[in-house]
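Quick notes on the structure that follows.
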Amino acid sequence: MSAASRLSRDEIAEVREIFDHFDTNRNGLIEASEFKKLVHTLDAEMDPDAILVGLSVVDADGNGTVEWEEFLGWWAETRTT
C-alpha cells in the first residue's frame, strides 16, 4: 500500500490545494522556479544546488518537473515516516 493511499479524501484535497498554489502558471506541474518558491515558503535555508537536489528527490521520473502524483506521494511519505 502506498503512503498516498493512506490519506483521507480531505487530506488529499488539502494537498491538492497546496500543489495548485505553487503551480503558479497552472500547467499542472511544479517547475524548478515554482519549487524554489515552495522551498522558501517552508523557510528552508537551501542554496540553489540544494534546491535542485530537493527537486530531484520529489521528481520521481526525473523529467525536471513535479507532477501531481509525484507531489502527493512525496507529501504522504513525509507525513507517514
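How things are named: the first chain in the C-alpha cells is A, the next is B, and so on; residues count from 1 in each chain; ligands count from 1 in the order shown.
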Please identify all polymer residues within 12 Å of Glu77 in chain A, counting only C-alpha atoms, omitting same-chain residues fewer than 3 positions from it, and present them as number ranges by chain.
A: 1-7, 57-58, 70-74, 80-81
Please produce an output containing C-alpha atoms for each residue in the selection, written as a JSON list (two decimals), in the first residue's frame.
[["chain", "number", "residue", "atom", "x", "y", "z"],
["A", 1, "MET", "CA", 0.00, 0.00, 0.00],
["A", 2, "SER", "CA", 1.42, 3.38, -0.97],
["A", 3, "ALA", "CA", 1.66, 6.21, 1.54],
["A", 4, "ALA", "CA", -0.75, 8.29, -0.56],
["A", 5, "SER", "CA", -3.42, 5.60, -0.35],
["A", 6, "ARG", "CA", -3.45, 6.04, 3.43],
["A", 7, "LEU", "CA", -4.54, 9.68, 3.17],
["A", 57, "VAL", "CA", 14.04, 13.79, -4.79],
["A", 58, "VAL", "CA", 10.41, 14.74, -5.41],
["A", 70, "GLU", "CA", 4.75, 12.73, -7.50],
["A", 71, "PHE", "CA", 3.89, 15.59, -5.16],
["A", 72, "LEU", "CA", 1.11, 13.64, -3.47],
["A", 73, "GLY", "CA", 3.33, 10.61, -3.00],
["A", 74, "TRP", "CA", 6.18, 12.70, -1.60],
["A", 80, "THR", "CA", 3.83, 9.00, 7.46],
["A", 81, "THR", "CA", 7.50, 8.36, 8.18]]
Can you list, as a VMD selection string, every protein, DNA or RNA residue that comes within 12 Å of Ile18 in chain A when you count only C-alpha atoms, leaving out same-chain residues fewer than 4 positions away?
chain A and resid 11 to 14 22 to 24 30 34 to 35 38 41 to 42 68 71 to 72 75
For the structure I just gave you, how does DSSP split chain A - specifically, which residues are alpha helix (DSSP H)? Reply as a PyMOL selection string.
chain A and resi 9-22+32-41+48-58+68-80
Near Leu55 in chain A, counting only C-alpha atoms, which residues have an atom at most 10 Å away, once you skip same-chain residues fewer than 6 positions from it, shown as a PyMOL selection string?
chain A and resi 30-32+35-36+39+49+62+64-66
Going by DSSP on the backbone, which residues of chain A come out as strand (DSSP E or B)? List them as a ChimeraX atom specification.
/A:29-30,66-67
